[in-house]
Structure formats: C-alpha cells, structure tokens
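Below is one structure, written out as structure tokens; the observations come after it.
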Amino acid sequence: MSSARRLPIYFLVDTSGSMSGDPINQVRTQLSSIIDGLRADPQALETAHLCLISFGATAKVEVPLTSLESFNVPAVLDAAGSTAMGEALELLVRTRKADLVPKTGSTAGDWRPMVFFLTDGVPTDDFDAGIREFKKLRWGVRVACAVNGAEESNLIRFLDATDAPAGYPDESATNLVHVSTSDPMRMQAFFKWVSASISAVSGSANPDDMAGGAPPPPPGAPSPGPTSAGNPPLPPPPPILT
C-alpha cells in the first residue's frame, strides 16, 4: 500500500442532451486514452487519484475517487437532458469533503485537488448556489474546457475569484480552453495537454505550490522558471488556449 500523499483529480463532464452521440463518445475515448498513458508515469501512478462526475439532468458520481491504477472510464456515458451545472459543483464539494484525508500530526494529508470542468452549454439550474459552495474550499490547478463555442461567463467564474467571499485563496494556475468536436485533432491535443499537466503536478516537489506560478504561456512564449519550491511549470497548452 502506497504511503505517498494523494493528488485528487476531479473531472466534471457535461452529459446533457447536446453532448449526445459523437461529442460524449470523443470525451470518453480521450479520457480512456490519457488514463492509459498516465499509468506509464511512475510518479502519477504513485500519487494520482481520480474521480469522474457527470452532469446532465442531474449530477452523478460516475466513478468515485480511485487510484490511477484501478480507475476505469465507464464503457458508456449517457448524454441526455438539461445541464445541472450548479448541482455538479455542489456534488463536487460534498464528494471532496467526504474524500478528504486531512493533515494531522501523523499524516500529511491530501494535496489540493486538480479540477477539470468540461461543458458545451449553460447551466439550467442554480449555478450561483453551486459556485458559492465551490469557492468555500481551497483547490489546486483548475481548467475549464468550453466545447463547441460554449458560453464563457460561468466558466470564468469557476476559474477566478472576482465574485468570491473575502479571503478566497485564488492561488491556482487556471486555464480556459476551447475545443470543437468537429475537430478531433484539437480534442486529442487538449486531452494530451491534460495528461501532461497531471504528470507535471504529480511529479512536482510540492503540488500545492503549482498554484503559485503563472498559468502556462501561449505557444511560442518562453516558459517561466521553476517556482520557489523547485517545481516545473505546467506544460505549454495546445494552440486553443483563451
């Protein structure tokens, strides 16, 4: 049994009706691909634990927080109904609280979680309630993926702290990425970057400190140096970063 500190990684995936068919199949295929790739990374295999939450008409934990070695993407992800985005954030908060291994005198506890949030739509429920709950907790690296021209304003609220309660720690590297399911190569590039980002964080000296660096630069820009804790920056993103 590994004694390494866990790096929790949460995937929030839109399974509303507009994602049915090819879009959700592409997401499922690419998730499976990056899981297979990450298993070849000894550091990720040691620390990464993943959870998959879907949200359509309702939010659901598809796969609870599971070690990378044991994690399997469901063979089928059904996409139908509305977009319970606020409920997904509330479920994420409840799930994280239940999953958390806290720091104590005898254990270092979990690293701050990474969160990847993918949607092609707008919330059909109370997003404000969800984002309020989300911003009560500390998070690590956060990435929002707007699929097929999804409206950005709610994703930006997920990433930043402009409407957060006083004292909200907005220390994380954050990214807003656009992909189109009509361009499978860009979708593949995004998920490869997700995999590289997970590897970078899991292999860092202090994953929590990844939040202290700037977001990764646009393609062609010089990469920042290591953080004060000696961590490398996140990898440069694919050419779809906003």
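Residue numbering restarts at 1 in every chain; chains get A, B, ... in the order shown in the structure tokens, and ligands count up from 1 in that same order.
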Would you tabulate, counting only C-alpha atoms, all residues of stretch 44-151 of chain A that have an atom at most 8 Å from an atom of stretch 25-37 of chain A, showing the closest pair of atoms and their distance in Å to one decimal, sorted by chain then ascending number, as a tab-separated table?
residue	atom	partner	partner_atom	distance
A:Leu68	CA	A:Ile35	CA	7.3
A:Phe71	CA	A:Ile35	CA	7.9
A:Asn72	CA	A:Ser32	CA	7.4
A:Val73	CA	A:Ser32	CA	5.9
A:Pro74	CA	A:Arg28	CA	7.9
A:Val76	CA	A:Arg28	CA	7.9
A:Leu77	CA	A:Arg28	CA	7.2
Mind running stretch 180-203 of chain A against stretch 103-121 of chain A at 12 Å and telling me each contacting residue's nearest atom pair with the distance in Å (one decimal), counting only C-alpha atoms, chain and number ascending, as JSON lines?
{"residue": "A:Ser180", "atom": "CA", "partner": "A:Asp120", "partner_atom": "CA", "distance": 9.3}
{"residue": "A:Thr181", "atom": "CA", "partner": "A:Asp120", "partner_atom": "CA", "distance": 10.0}
{"residue": "A:Met187", "atom": "CA", "partner": "A:Leu118", "partner_atom": "CA", "distance": 11.6}
{"residue": "A:Phe190", "atom": "CA", "partner": "A:Leu118", "partner_atom": "CA", "distance": 11.2}
{"residue": "A:Phe191", "atom": "CA", "partner": "A:Phe116", "partner_atom": "CA", "distance": 10.5}
{"residue": "A:Trp193", "atom": "CA", "partner": "A:Phe116", "partner_atom": "CA", "distance": 11.7}
{"residue": "A:Val194", "atom": "CA", "partner": "A:Phe116", "partner_atom": "CA", "distance": 8.4}
{"residue": "A:Ser195", "atom": "CA", "partner": "A:Phe116", "partner_atom": "CA", "distance": 11.2}
{"residue": "A:Ser197", "atom": "CA", "partner": "A:Met114", "partner_atom": "CA", "distance": 9.7}
{"residue": "A:Ile198", "atom": "CA", "partner": "A:Met114", "partner_atom": "CA", "distance": 8.3}
{"residue": "A:Ser199", "atom": "CA", "partner": "A:Met114", "partner_atom": "CA", "distance": 11.7}
{"residue": "A:Ala200", "atom": "CA", "partner": "A:Met114", "partner_atom": "CA", "distance": 11.8}
{"residue": "A:Val201", "atom": "CA", "partner": "A:Met114", "partner_atom": "CA", "distance": 8.9}
{"residue": "A:Ser202", "atom": "CA", "partner": "A:Trp111", "partner_atom": "CA", "distance": 9.6}
Practice prompt. Would you mind writing down, as an NGL selection string, each residue of stretch 55-119 of chain A that DSSP on the backbone assigns to alpha helix (DSSP H)?
Written response: :A and (85-99)
Worksheet item: When DSSP works through the backbone of this structure, what residues of stretch 49-179 of chain A end up as strand (DSSP E or B), shown as number ranges by chain?
Response: A: 49-55, 59-67, 114-119, 142-147, 174-179
With N, CA and C atoms retained, could you export that selection as a short mmCIF file (atom, residue, chain, number, x, y, z; two decimals), in the first residue's frame?
data_model
loop_
_atom_site.label_atom_id
_atom_site.label_comp_id
_atom_site.auth_asym_id
_atom_site.auth_seq_id
_atom_site.Cartn_x
_atom_site.Cartn_y
_atom_site.Cartn_z
N HIS A 49 -5.13 10.17 -7.83
CA HIS A 49 -6.41 9.50 -7.60
C HIS A 49 -7.47 10.31 -8.34
N LEU A 50 -8.33 9.63 -9.09
CA LEU A 50 -9.24 10.32 -9.99
C LEU A 50 -10.69 10.02 -9.66
N CYS A 51 -11.53 11.02 -9.92
CA CYS A 51 -12.98 10.90 -9.74
C CYS A 51 -13.65 11.50 -10.95
N LEU A 52 -14.69 10.84 -11.46
CA LEU A 52 -15.46 11.33 -12.60
C LEU A 52 -16.88 11.65 -12.17
N ILE A 53 -17.27 12.92 -12.35
CA ILE A 53 -18.63 13.37 -12.06
C ILE A 53 -19.28 13.83 -13.35
N SER A 54 -20.45 13.34 -13.66
CA SER A 54 -21.18 13.78 -14.85
C SER A 54 -22.34 14.68 -14.43
N PHE A 55 -22.77 15.54 -15.36
CA PHE A 55 -23.96 16.34 -15.08
C PHE A 55 -24.76 16.55 -16.35
N ALA A 59 -26.70 15.63 -11.46
CA ALA A 59 -25.28 15.35 -11.31
C ALA A 59 -25.10 13.99 -10.65
N LYS A 60 -24.04 13.30 -11.06
CA LYS A 60 -23.84 11.93 -10.60
C LYS A 60 -22.35 11.62 -10.52
N VAL A 61 -21.95 10.94 -9.45
CA VAL A 61 -20.58 10.43 -9.36
C VAL A 61 -20.52 9.14 -10.18
N GLU A 62 -19.89 9.22 -11.34
CA GLU A 62 -19.78 8.04 -12.20
C GLU A 62 -18.72 7.08 -11.68
N VAL A 63 -17.59 7.64 -11.24
CA VAL A 63 -16.52 6.83 -10.64
C VAL A 63 -16.02 7.58 -9.41
N PRO A 64 -16.14 7.00 -8.22
CA PRO A 64 -15.64 7.68 -7.01
C PRO A 64 -14.13 7.79 -7.05
N LEU A 65 -13.57 8.59 -6.15
CA LEU A 65 -12.13 8.81 -6.12
C LEU A 65 -11.41 7.47 -6.00
N THR A 66 -10.59 7.18 -7.02
CA THR A 66 -9.97 5.87 -7.18
C THR A 66 -8.52 6.05 -7.61
N SER A 67 -7.66 5.17 -7.17
CA SER A 67 -6.27 5.26 -7.60
C SER A 67 -6.17 5.15 -9.11
N MET A 114 -6.83 18.93 -8.20
CA MET A 114 -6.96 19.48 -9.55
C MET A 114 -8.41 19.26 -9.99
N VAL A 115 -8.96 20.21 -10.75
CA VAL A 115 -10.33 20.08 -11.26
C VAL A 115 -10.35 20.43 -12.74
N PHE A 116 -10.90 19.52 -13.55
CA PHE A 116 -11.10 19.74 -14.98
C PHE A 116 -12.61 19.76 -15.25
N PHE A 117 -13.09 20.88 -15.76
CA PHE A 117 -14.53 21.14 -15.90
C PHE A 117 -14.84 21.33 -17.38
N LEU A 118 -15.60 20.40 -17.97
CA LEU A 118 -15.86 20.39 -19.41
C LEU A 118 -17.34 20.52 -19.69
N THR A 119 -17.73 21.50 -20.50
CA THR A 119 -19.14 21.70 -20.83
C THR A 119 -19.30 22.33 -22.21
N ARG A 142 -6.96 24.49 -11.76
CA ARG A 142 -8.31 24.38 -12.30
C ARG A 142 -8.28 24.67 -13.80
N VAL A 143 -8.98 23.85 -14.56
CA VAL A 143 -9.07 24.02 -16.01
C VAL A 143 -10.52 23.93 -16.42
N ALA A 144 -10.97 24.91 -17.22
CA ALA A 144 -12.32 24.89 -17.79
C ALA A 144 -12.21 24.69 -19.29
N CYS A 145 -12.97 23.77 -19.83
CA CYS A 145 -12.96 23.48 -21.26
C CYS A 145 -14.33 23.81 -21.85
N ALA A 146 -14.35 24.80 -22.74
CA ALA A 146 -15.58 25.21 -23.43
C ALA A 146 -15.66 24.44 -24.74
N VAL A 147 -16.65 23.56 -24.85
CA VAL A 147 -16.80 22.71 -26.02
C VAL A 147 -17.78 23.34 -27.00
N THR A 174 -4.76 28.61 -13.56
CA THR A 174 -6.07 28.38 -14.17
C THR A 174 -5.98 28.56 -15.68
N ASN A 175 -6.85 27.88 -16.39
CA ASN A 175 -6.85 27.93 -17.84
C ASN A 175 -8.27 27.79 -18.38
N LEU A 176 -8.58 28.55 -19.42
CA LEU A 176 -9.82 28.39 -20.17
C LEU A 176 -9.44 27.96 -21.57
N VAL A 177 -9.91 26.78 -21.97
CA VAL A 177 -9.54 26.19 -23.24
C VAL A 177 -10.80 25.97 -24.08
N HIS A 178 -10.69 26.19 -25.40
CA HIS A 178 -11.80 25.95 -26.32
C HIS A 178 -11.47 24.77 -27.22
N VAL A 179 -12.42 23.85 -27.37
CA VAL A 179 -12.27 22.75 -28.32
C VAL A 179 -13.56 22.59 -29.11
#
Worksheet item: Between A:Asp208, A:Ala75, A:Val13, A:Gly203, which one has atoms that come closest to A:Leu38, using only C-alpha atoms?
Response: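 Counting only C-alpha atoms, the residue closest to A:Leu38 is A:Gly203.
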